[in-house]
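Undergrad: Structure below; questions to follow.
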There are 2 protein chains.
Amino acid sequence: MLRSPINHCKQCGAAVTYRVPDDGDTKKRAVCPACHTIHYENPLNVVGTVAHWGEQVLLCKRNIEPRYGKWTLPAGFMELNETTAEGAARETDEEAGAQFEMQGLFTLLNVARVGQVHLFYRARLLSDQFNPGSETIEARLFTEADIPWDEIAFRTVKETLEHYFADRRRGDYGVHTIDIV
Amino acid sequence: MLRSPINHCKQCGAAVTYRVPDDGDTKKRAVCPACHTIHYENPLNVVGTVAHWGEQVLLCKRNIEPRYGKWTLPAGFMELNETTAEGAARETDEEAGAQFEMQGLFTLLNVARVGQVHLFYRARLLSDQFNPGSETIEARLFTEADIPWDEIAFRTVKETLEHYFADRRRGDYGVHTIDIV
C-alpha cells in the first residue's frame with residue numbers, strides 16, 4: 001500500500017507546498033501556507049500472528065487485494081489505542097475467527113521501500129476450528145511440508161514462516177529482526 | 001505528541017465527516033464526502049539507542065519541548081524510507097553526534113494511550129566524545145549509579161535503562177516487550 005501524496009492541509013483545507021520547514025528540520029514536508037501546519041508522513045506498522053496447532057500453522061487465503069487468492073498469516077495495519085500484541089490478536093480474530101492465546105514477539109521486519117514495519121507474534125491455537133471474516137476466503141492449518149510456498153502473499157510472511165519452522169526444529173524461539181530489501 | 005484531528009481531506013481539501021466507511025470497516029474514520037477518500041490514523045514509531053561505553057550509557061539533555069531540560073536516550077520519530085535501526089542510528093547521530101556501531105533490538109515499548117511504539121537498539125560507542133545537535137543541551141555518559149532517575153524525560157527511556165543495567169549485570173541481553181499503561 002503506497003500512500004497518496006498530501007495535496008491539502010488537514011487543518012484548514014488550503015493547498016500545501018512541499019519545502020523544508022524553518023524549525024531546523026532537514027527534510028521536505030507538506031507545509032500549509034495558510035495556517036502553517038507541518039504534515040509529517042511516517043511508517044505504518046502491520047501486526048499479525050504465527051498461530052500454531054501442533055506441527056501446523058494457520059494461514060488465510062486472501063479475499064481482498066492486493067494479492068487476492070494468495071495465502072498469508074493473519075495480519076493488518078495496527079490501529080490507534082492498541083498495543084502491537086493487541087493489534088495482532090485483533091487481526092487474527094477478524095481474519096480467521098480463531099481461538100488462541102498470545103505468546104512472544106517473533107519477527108520484526110522492515111520494509112523500508114514502502115514505509116512499513118511488520119511485527120509477528122507467536123500464538124498458541126486453542127482449537128482447530130475457524131470462522132473466517134469477509135477478508136478471508138479460507139482459513140486452514142498447514143504442516144511445513146504442505147505450505148504453498150509459491151502462493152504466499154508477502155515476503156514478510158514467507159520469511160516469518162521460514163524462521164518459525166527453523167526455530168521449531170531447534171526447539172528454541174528467538175526474536176528475529178529482518179530487513180526486506 | 002497527541003495528534004490534531006483531521007478536519008479537511010488531504011486529497012481535495014473538502015471538509016471531512018467522521019463515520020464508519022461502507023467497506024466492511026468497523027471504526028469511524030474521517031471520510032471525504034467530495035472525493036470519498038478515507039483517512040486512516042495509525043500509531044507512530046519512535047526509534048532510538050542505548051549507546052554504551054564500558055559501564056556507562058549515553059544520555060542527552062533535551063533542548064526542546066516536551067520535557068525541556070530532562071534527560072533522554074537519543075530517539076525520535078521514525079521516517080519513511082528507513083529501517084527501525086537506520087532511524088535509531090540517525091537520531092543518535094543527530095541528537096548526540098556520537099560515533100558508534102549498531103547492535104541488536106533491545107526494547108519494544110507500547111504506549112497505546114498516545115498511539116506510539118518505542119523501539120530501542122543497543123549500540124557500542126566507538127568514542128566518548130560527542131557533538132550534540134540543536135535538540136540537545138548536553139550529551140554525556142552516566143554510570144548506573146549516576147543516572148538522574150528523577151530527571152528522565154520519558155517512562156519508555158526509564159524502563160529501557162532499567163532493563164539495560166539488569167541485563168548487563170546478568171551478562172545476557174534479551175529483547176524486552178513492555179506495555180506502558
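Each chain of the C-alpha cells is named A, B, ... in the order shown, its residues numbered from 1; ligands are numbered from 1 in display order.
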Find the residues in chain A near chain B: any atom within 6 Å counts, using only C-alpha atoms. Write them as a PyMOL selection string.
TA: chain A and resi 6-11+13+42-43+79-83+110+112-113+115
Undergrad: Any chance you could export the current selection's all heavy atoms as a compact mmCIF listing (two decimals), in the first residue's frame?
TA:
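Written file, out_27.txt:
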```
# COMPACT_ATOMS: atom_id res chain seq x y z
N ILE A 6 0.13 14.26 -0.07
CA ILE A 6 -0.71 15.26 0.61
C ILE A 6 -0.83 16.48 -0.31
O ILE A 6 0.18 17.08 -0.68
CB ILE A 6 -0.06 15.67 1.95
CG1 ILE A 6 0.01 14.47 2.90
CG2 ILE A 6 -0.84 16.82 2.60
CD1 ILE A 6 0.88 14.70 4.13
N ASN A 7 -2.05 16.81 -0.69
CA ASN A 7 -2.28 17.99 -1.53
C ASN A 7 -2.83 19.18 -0.73
O ASN A 7 -2.53 20.32 -1.04
CB ASN A 7 -3.29 17.66 -2.65
CG ASN A 7 -2.77 16.57 -3.58
OD1 ASN A 7 -1.59 16.51 -3.88
ND2 ASN A 7 -3.66 15.68 -3.99
N HIS A 8 -3.63 18.85 0.30
CA HIS A 8 -4.32 19.90 1.06
C HIS A 8 -4.06 19.73 2.56
O HIS A 8 -3.84 18.63 3.04
CB HIS A 8 -5.82 19.86 0.78
CG HIS A 8 -6.18 20.32 -0.60
ND1 HIS A 8 -6.52 21.62 -0.90
CD2 HIS A 8 -6.21 19.64 -1.78
CE1 HIS A 8 -6.76 21.72 -2.19
NE2 HIS A 8 -6.57 20.54 -2.75
N CYS A 9 -4.12 20.85 3.27
CA CYS A 9 -3.92 20.88 4.72
C CYS A 9 -5.10 20.22 5.43
O CYS A 9 -6.25 20.59 5.17
CB CYS A 9 -3.76 22.33 5.18
SG CYS A 9 -3.65 22.50 6.97
N LYS A 10 -4.81 19.29 6.34
CA LYS A 10 -5.91 18.61 7.04
C LYS A 10 -6.55 19.51 8.09
O LYS A 10 -7.65 19.24 8.56
CB LYS A 10 -5.43 17.30 7.66
CG LYS A 10 -4.55 17.44 8.88
CD LYS A 10 -4.28 16.09 9.52
CE LYS A 10 -3.49 16.24 10.82
NZ LYS A 10 -3.26 14.98 11.49
N GLN A 11 -5.87 20.59 8.47
CA GLN A 11 -6.44 21.53 9.43
C GLN A 11 -7.41 22.50 8.76
O GLN A 11 -8.54 22.67 9.21
CB GLN A 11 -5.32 22.33 10.11
CG GLN A 11 -4.44 21.51 11.02
CD GLN A 11 -5.19 20.80 12.10
OE1 GLN A 11 -6.04 21.38 12.77
NE2 GLN A 11 -4.94 19.51 12.27
N GLY A 13 -7.62 23.03 4.98
CA GLY A 13 -8.03 22.73 3.62
C GLY A 13 -7.26 23.46 2.53
O GLY A 13 -7.46 23.18 1.33
N ASN A 42 4.80 9.14 8.16
CA ASN A 42 5.65 8.19 8.88
C ASN A 42 5.28 6.76 8.54
O ASN A 42 4.20 6.50 8.02
CB ASN A 42 5.49 8.43 10.40
CG ASN A 42 5.92 9.83 10.81
OD1 ASN A 42 5.12 10.75 10.81
ND2 ASN A 42 7.18 9.99 11.14
N PRO A 43 6.19 5.83 8.83
CA PRO A 43 5.91 4.42 8.52
C PRO A 43 4.69 3.89 9.26
O PRO A 43 4.31 4.39 10.31
CB PRO A 43 7.19 3.71 9.00
CG PRO A 43 8.25 4.75 8.95
CD PRO A 43 7.55 6.02 9.35
N GLU A 79 -3.83 -0.21 14.72
CA GLU A 79 -4.72 0.93 14.92
C GLU A 79 -4.26 1.75 16.13
O GLU A 79 -3.50 1.26 16.98
CB GLU A 79 -6.15 0.44 15.18
CG GLU A 79 -6.75 -0.36 14.05
CD GLU A 79 -7.49 0.50 13.04
OE1 GLU A 79 -7.46 1.75 13.17
OE2 GLU A 79 -8.10 -0.08 12.12
N LEU A 80 -4.78 2.97 16.24
CA LEU A 80 -4.59 3.76 17.46
C LEU A 80 -5.24 3.05 18.64
O LEU A 80 -6.18 2.27 18.47
CB LEU A 80 -5.20 5.16 17.29
CG LEU A 80 -4.55 6.07 16.25
CD1 LEU A 80 -5.30 7.40 16.17
CD2 LEU A 80 -3.08 6.32 16.57
N ASN A 81 -4.74 3.33 19.84
CA ASN A 81 -5.35 2.82 21.09
C ASN A 81 -5.24 1.32 21.25
O ASN A 81 -6.09 0.70 21.93
CB ASN A 81 -6.82 3.25 21.21
CG ASN A 81 -6.98 4.75 21.14
OD1 ASN A 81 -7.72 5.27 20.32
ND2 ASN A 81 -6.25 5.47 21.97
N GLU A 82 -4.24 0.72 20.63
CA GLU A 82 -3.98 -0.71 20.89
C GLU A 82 -2.47 -0.91 20.91
O GLU A 82 -1.72 -0.12 20.34
CB GLU A 82 -4.64 -1.61 19.83
CG GLU A 82 -4.05 -1.51 18.44
CD GLU A 82 -4.82 -2.34 17.41
OE1 GLU A 82 -5.89 -2.88 17.72
OE2 GLU A 82 -4.32 -2.43 16.26
N THR A 83 -2.04 -1.99 21.58
CA THR A 83 -0.63 -2.35 21.56
C THR A 83 -0.37 -3.21 20.33
O THR A 83 -1.31 -3.69 19.66
CB THR A 83 -0.25 -3.14 22.82
OG1 THR A 83 -0.91 -4.42 22.78
CG2 THR A 83 -0.63 -2.40 24.10
N ASN A 110 11.52 -4.96 8.57
CA ASN A 110 11.46 -3.64 7.97
C ASN A 110 11.26 -3.76 6.47
O ASN A 110 12.00 -4.47 5.80
CB ASN A 110 12.77 -2.90 8.23
CG ASN A 110 12.81 -2.27 9.60
OD1 ASN A 110 12.15 -1.26 9.84
ND2 ASN A 110 13.55 -2.88 10.52
N ALA A 112 11.34 -0.96 4.23
CA ALA A 112 11.56 0.49 4.14
C ALA A 112 11.08 1.06 2.81
O ALA A 112 10.62 2.20 2.75
CB ALA A 112 13.05 0.80 4.34
N ARG A 113 11.14 0.26 1.77
CA ARG A 113 10.72 0.69 0.42
C ARG A 113 9.28 1.19 0.39
O ARG A 113 8.95 2.10 -0.36
CB ARG A 113 10.89 -0.50 -0.54
CG ARG A 113 10.75 -0.23 -2.00
CD ARG A 113 11.05 -1.49 -2.81
NE ARG A 113 10.42 -2.68 -2.26
CZ ARG A 113 9.13 -3.02 -2.47
NH1 ARG A 113 8.36 -2.29 -3.21
NH2 ARG A 113 8.62 -4.12 -1.92
N GLY A 115 7.69 1.96 3.43
CA GLY A 115 7.42 2.62 4.70
C GLY A 115 6.59 1.80 5.66
O GLY A 115 5.63 2.30 6.24
```
Undergrad: For stretch 62-76 of chain B, list every protein, DNA or RNA residue within 8 Å, evaluated using only C-alpha atoms, and leave out those in the same chain fewer than 4 positions away; present the list as a VMD selection string.
TA: chain B and resid 46 to 50 58 87 to 88 91 to 92 95 to 96 134 to 138 148 151 to 154 157
Undergrad: DSSP on the backbone: which residues in stretch 89-176 of chain A end up as strand (DSSP E)? Give the answer as a PDB file with N, CA, C and O atoms, in the first residue's frame.
TA:
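Saved as out.pdb:
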```pdb
ATOM      1  N   PHE A 100      -7.265 -18.554  20.487  1.00  0.00           N
ATOM      2  CA  PHE A 100      -5.815 -18.667  20.685  1.00  0.00           C
ATOM      3  C   PHE A 100      -5.388 -17.910  21.926  1.00  0.00           C
ATOM      4  O   PHE A 100      -6.149 -17.086  22.446  1.00  0.00           O
ATOM      5  N   GLU A 101      -4.154 -18.196  22.384  1.00  0.00           N
ATOM      6  CA  GLU A 101      -3.546 -17.329  23.405  1.00  0.00           C
ATOM      7  C   GLU A 101      -2.250 -16.776  22.827  1.00  0.00           C
ATOM      8  O   GLU A 101      -1.490 -17.491  22.166  1.00  0.00           O
ATOM      9  N   MET A 102      -2.022 -15.495  23.088  1.00  0.00           N
ATOM     10  CA  MET A 102      -0.860 -14.819  22.521  1.00  0.00           C
ATOM     11  C   MET A 102       0.416 -15.266  23.229  1.00  0.00           C
ATOM     12  O   MET A 102       0.429 -15.505  24.434  1.00  0.00           O
ATOM     13  N   GLN A 103       1.516 -15.353  22.448  1.00  0.00           N
ATOM     14  CA  GLN A 103       2.838 -15.637  23.015  1.00  0.00           C
ATOM     15  C   GLN A 103       3.767 -14.466  22.669  1.00  0.00           C
ATOM     16  O   GLN A 103       3.301 -13.347  22.510  1.00  0.00           O
ATOM     17  N   GLY A 104       5.066 -14.735  22.568  1.00  0.00           N
ATOM     18  CA  GLY A 104       6.026 -13.640  22.453  1.00  0.00           C
ATOM     19  C   GLY A 104       6.173 -13.068  21.048  1.00  0.00           C
ATOM     20  O   GLY A 104       5.773 -13.676  20.056  1.00  0.00           O
ATOM     21  N   LEU A 105       6.787 -11.881  20.988  1.00  0.00           N
ATOM     22  CA  LEU A 105       7.186 -11.289  19.708  1.00  0.00           C
ATOM     23  C   LEU A 105       8.127 -12.256  18.997  1.00  0.00           C
ATOM     24  O   LEU A 105       9.013 -12.841  19.628  1.00  0.00           O
ATOM     25  N   PHE A 106       7.938 -12.434  17.707  1.00  0.00           N
ATOM     26  CA  PHE A 106       8.751 -13.408  16.970  1.00  0.00           C
ATOM     27  C   PHE A 106       9.591 -12.764  15.857  1.00  0.00           C
ATOM     28  O   PHE A 106      10.784 -13.022  15.770  1.00  0.00           O
ATOM     29  N   THR A 107       8.971 -11.948  14.998  1.00  0.00           N
ATOM     30  CA  THR A 107       9.749 -11.254  13.961  1.00  0.00           C
ATOM     31  C   THR A 107       9.393  -9.768  13.921  1.00  0.00           C
ATOM     32  O   THR A 107       8.252  -9.389  14.146  1.00  0.00           O
ATOM     33  N   LEU A 108      10.416  -8.960  13.621  1.00  0.00           N
ATOM     34  CA  LEU A 108      10.245  -7.552  13.266  1.00  0.00           C
ATOM     35  C   LEU A 108      10.906  -7.397  11.920  1.00  0.00           C
ATOM     36  O   LEU A 108      12.118  -7.613  11.788  1.00  0.00           O
ATOM     37  N   LEU A 109      10.103  -7.060  10.894  1.00  0.00           N
ATOM     38  CA  LEU A 109      10.614  -6.993   9.525  1.00  0.00           C
ATOM     39  C   LEU A 109      10.430  -5.577   8.992  1.00  0.00           C
ATOM     40  O   LEU A 109       9.303  -5.055   8.945  1.00  0.00           O
ATOM     41  N   ASN A 110      11.521  -4.965   8.571  1.00  0.00           N
ATOM     42  CA  ASN A 110      11.463  -3.640   7.973  1.00  0.00           C
ATOM     43  C   ASN A 110      11.257  -3.760   6.468  1.00  0.00           C
ATOM     44  O   ASN A 110      12.004  -4.474   5.802  1.00  0.00           O
ATOM     45  N   VAL A 111      10.231  -3.062   5.969  1.00  0.00           N
ATOM     46  CA  VAL A 111      10.013  -2.961   4.526  1.00  0.00           C
ATOM     47  C   VAL A 111      10.103  -1.469   4.192  1.00  0.00           C
ATOM     48  O   VAL A 111       9.096  -0.800   3.942  1.00  0.00           O
ATOM     49  N   GLN A 116       6.959   0.541   5.834  1.00  0.00           N
ATOM     50  CA  GLN A 116       6.217  -0.328   6.757  1.00  0.00           C
ATOM     51  C   GLN A 116       7.171  -1.100   7.670  1.00  0.00           C
ATOM     52  O   GLN A 116       8.295  -1.418   7.295  1.00  0.00           O
ATOM     53  N   VAL A 117       6.665  -1.412   8.863  1.00  0.00           N
ATOM     54  CA  VAL A 117       7.325  -2.334   9.780  1.00  0.00           C
ATOM     55  C   VAL A 117       6.303  -3.433  10.098  1.00  0.00           C
ATOM     56  O   VAL A 117       5.187  -3.129  10.512  1.00  0.00           O
ATOM     57  N   HIS A 118       6.671  -4.680   9.859  1.00  0.00           N
ATOM     58  CA  HIS A 118       5.786  -5.814  10.130  1.00  0.00           C
ATOM     59  C   HIS A 118       6.247  -6.518  11.401  1.00  0.00           C
ATOM     60  O   HIS A 118       7.442  -6.794  11.554  1.00  0.00           O
ATOM     61  N   LEU A 119       5.301  -6.791  12.290  1.00  0.00           N
ATOM     62  CA  LEU A 119       5.607  -7.430  13.576  1.00  0.00           C
ATOM     63  C   LEU A 119       4.714  -8.648  13.738  1.00  0.00           C
ATOM     64  O   LEU A 119       3.476  -8.524  13.729  1.00  0.00           O
ATOM     65  N   PHE A 120       5.328  -9.819  13.885  1.00  0.00           N
ATOM     66  CA  PHE A 120       4.553 -11.046  14.090  1.00  0.00           C
ATOM     67  C   PHE A 120       4.834 -11.617  15.480  1.00  0.00           C
ATOM     68  O   PHE A 120       5.987 -11.696  15.908  1.00  0.00           O
ATOM     69  N   TYR A 121       3.753 -12.019  16.133  1.00  0.00           N
ATOM     70  CA  TYR A 121       3.809 -12.689  17.430  1.00  0.00           C
ATOM     71  C   TYR A 121       3.461 -14.155  17.241  1.00  0.00           C
ATOM     72  O   TYR A 121       2.626 -14.493  16.398  1.00  0.00           O
ATOM     73  N   ARG A 122       4.055 -15.023  18.050  1.00  0.00           N
ATOM     74  CA  ARG A 122       3.577 -16.400  18.094  1.00  0.00           C
ATOM     75  C   ARG A 122       2.276 -16.448  18.894  1.00  0.00           C
ATOM     76  O   ARG A 122       2.056 -15.641  19.805  1.00  0.00           O
ATOM     77  N   ALA A 123       1.397 -17.386  18.530  1.00  0.00           N
ATOM     78  CA  ALA A 123       0.129 -17.571  19.256  1.00  0.00           C
ATOM     79  C   ALA A 123      -0.188 -19.052  19.270  1.00  0.00           C
ATOM     80  O   ALA A 123      -0.001 -19.752  18.266  1.00  0.00           O
ATOM     81  N   ARG A 124      -0.652 -19.542  20.415  1.00  0.00           N
ATOM     82  CA  ARG A 124      -1.000 -20.961  20.559  1.00  0.00           C
ATOM     83  C   ARG A 124      -2.492 -21.121  20.334  1.00  0.00           C
ATOM     84  O   ARG A 124      -3.315 -20.558  21.069  1.00  0.00           O
ATOM     85  N   LEU A 125      -2.851 -21.866  19.277  1.00  0.00           N
ATOM     86  CA  LEU A 125      -4.269 -22.094  18.984  1.00  0.00           C
ATOM     87  C   LEU A 125      -4.887 -22.992  20.051  1.00  0.00           C
ATOM     88  O   LEU A 125      -4.255 -23.954  20.512  1.00  0.00           O
ATOM     89  N   THR A 136     -11.248 -12.988   4.194  1.00  0.00           N
ATOM     90  CA  THR A 136     -10.598 -14.291   4.061  1.00  0.00           C
ATOM     91  C   THR A 136     -11.502 -15.277   3.325  1.00  0.00           C
ATOM     92  O   THR A 136     -12.663 -15.462   3.712  1.00  0.00           O
ATOM     93  N   ILE A 137     -10.975 -15.913   2.269  1.00  0.00           N
ATOM     94  CA  ILE A 137     -11.722 -16.942   1.536  1.00  0.00           C
ATOM     95  C   ILE A 137     -11.766 -18.230   2.353  1.00  0.00           C
ATOM     96  O   ILE A 137     -12.795 -18.891   2.449  1.00  0.00           O
ATOM     97  N   GLU A 138     -10.609 -18.563   2.946  1.00  0.00           N
ATOM     98  CA  GLU A 138     -10.498 -19.829   3.661  1.00  0.00           C
ATOM     99  C   GLU A 138      -9.386 -19.687   4.701  1.00  0.00           C
ATOM    100  O   GLU A 138      -8.352 -19.079   4.429  1.00  0.00           O
ATOM    101  N   ALA A 139      -9.610 -20.243   5.892  1.00  0.00           N
ATOM    102  CA  ALA A 139      -8.574 -20.289   6.939  1.00  0.00           C
ATOM    103  C   ALA A 139      -8.303 -21.753   7.230  1.00  0.00           C
ATOM    104  O   ALA A 139      -9.230 -22.503   7.534  1.00  0.00           O
ATOM    105  N   ARG A 140      -7.037 -22.174   7.104  1.00  0.00           N
ATOM    106  CA  ARG A 140      -6.748 -23.580   7.408  1.00  0.00           C
ATOM    107  C   ARG A 140      -5.325 -23.784   7.894  1.00  0.00           C
ATOM    108  O   ARG A 140      -4.472 -22.893   7.790  1.00  0.00           O
ATOM    109  N   LEU A 141      -5.085 -24.957   8.434  1.00  0.00           N
ATOM    110  CA  LEU A 141      -3.790 -25.309   9.013  1.00  0.00           C
ATOM    111  C   LEU A 141      -2.916 -26.014   7.984  1.00  0.00           C
ATOM    112  O   LEU A 141      -3.411 -26.814   7.177  1.00  0.00           O
ATOM    113  N   PHE A 142      -1.622 -25.738   8.032  1.00  0.00           N
ATOM    114  CA  PHE A 142      -0.644 -26.355   7.137  1.00  0.00           C
ATOM    115  C   PHE A 142       0.546 -26.871   7.936  1.00  0.00           C
ATOM    116  O   PHE A 142       1.055 -26.163   8.811  1.00  0.00           O
ATOM    117  N   HIS A 176      13.486 -12.290  15.804  1.00  0.00           N
ATOM    118  CA  HIS A 176      14.275 -12.089  14.590  1.00  0.00           C
ATOM    119  C   HIS A 176      13.986 -10.715  13.998  1.00  0.00           C
ATOM    120  O   HIS A 176      12.819 -10.368  13.794  1.00  0.00           O
TER     121      HIS A 176
END
```
Undergrad: Can you measure atom CA of A:Cys60 to atom CA of B:Thr37 for me? One decimal in Å is fine.
TA: 27.7 Å
Undergrad: Enter the distance from atom CA of B:Arg90 to atom CA of B:Asn131, in Å, rounded to one decimal.
TA: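 Those two atoms sit 13.6 Å apart.
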Undergrad: Would you mind listing what lies within 7 Å of B:Arg19 as a PyMOL selection string, with only C-alpha atoms counted and same-chain residues fewer than 2 positions away left out?
TA: chain B and resi 17+21+28-31
Undergrad: Could those residues be written to a file, using N, CA and C atoms, as a PDB file, in the first residue's frame?
TA:
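Everything below was put into again-v8.pdb:
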```pdb
ATOM      1  N   THR B  17     -16.230  14.235   7.059  1.00  0.00           N
ATOM      2  CA  THR B  17     -17.171  13.821   8.097  1.00  0.00           C
ATOM      3  C   THR B  17     -16.624  12.557   8.742  1.00  0.00           C
ATOM      4  N   PRO B  21     -16.835   3.740   7.405  1.00  0.00           N
ATOM      5  CA  PRO B  21     -16.904   3.577   5.940  1.00  0.00           C
ATOM      6  C   PRO B  21     -17.780   2.371   5.553  1.00  0.00           C
ATOM      7  N   LYS B  28     -14.939   4.364  13.102  1.00  0.00           N
ATOM      8  CA  LYS B  28     -15.179   5.671  12.491  1.00  0.00           C
ATOM      9  C   LYS B  28     -13.877   6.214  11.909  1.00  0.00           C
ATOM     10  N   ARG B  29     -13.946   6.708  10.700  1.00  0.00           N
ATOM     11  CA  ARG B  29     -12.786   7.332  10.050  1.00  0.00           C
ATOM     12  C   ARG B  29     -13.237   8.701   9.529  1.00  0.00           C
ATOM     13  N   ALA B  30     -12.233   9.546   9.244  1.00  0.00           N
ATOM     14  CA  ALA B  30     -12.502  10.798   8.547  1.00  0.00           C
ATOM     15  C   ALA B  30     -12.702  10.448   7.071  1.00  0.00           C
ATOM     16  N   VAL B  31     -13.924  10.663   6.558  1.00  0.00           N
ATOM     17  CA  VAL B  31     -14.253  10.308   5.172  1.00  0.00           C
ATOM     18  C   VAL B  31     -14.598  11.589   4.422  1.00  0.00           C
TER      19      VAL B  31
END
```
Undergrad: Assign secondary structure with DSSP using the backbone only, and return the residues of stretch 13-174 of chain B in helix (DSSP H, G or I) as a PyMOL selection string.
TA: chain B and resi 84-96+112-114+144-146+149-151+155-170
Undergrad: Which value, in Å to one decimal, gives the distance between atom CA of A:Thr143 and atom CA of A:Glu55?
TA: 5.9 Å
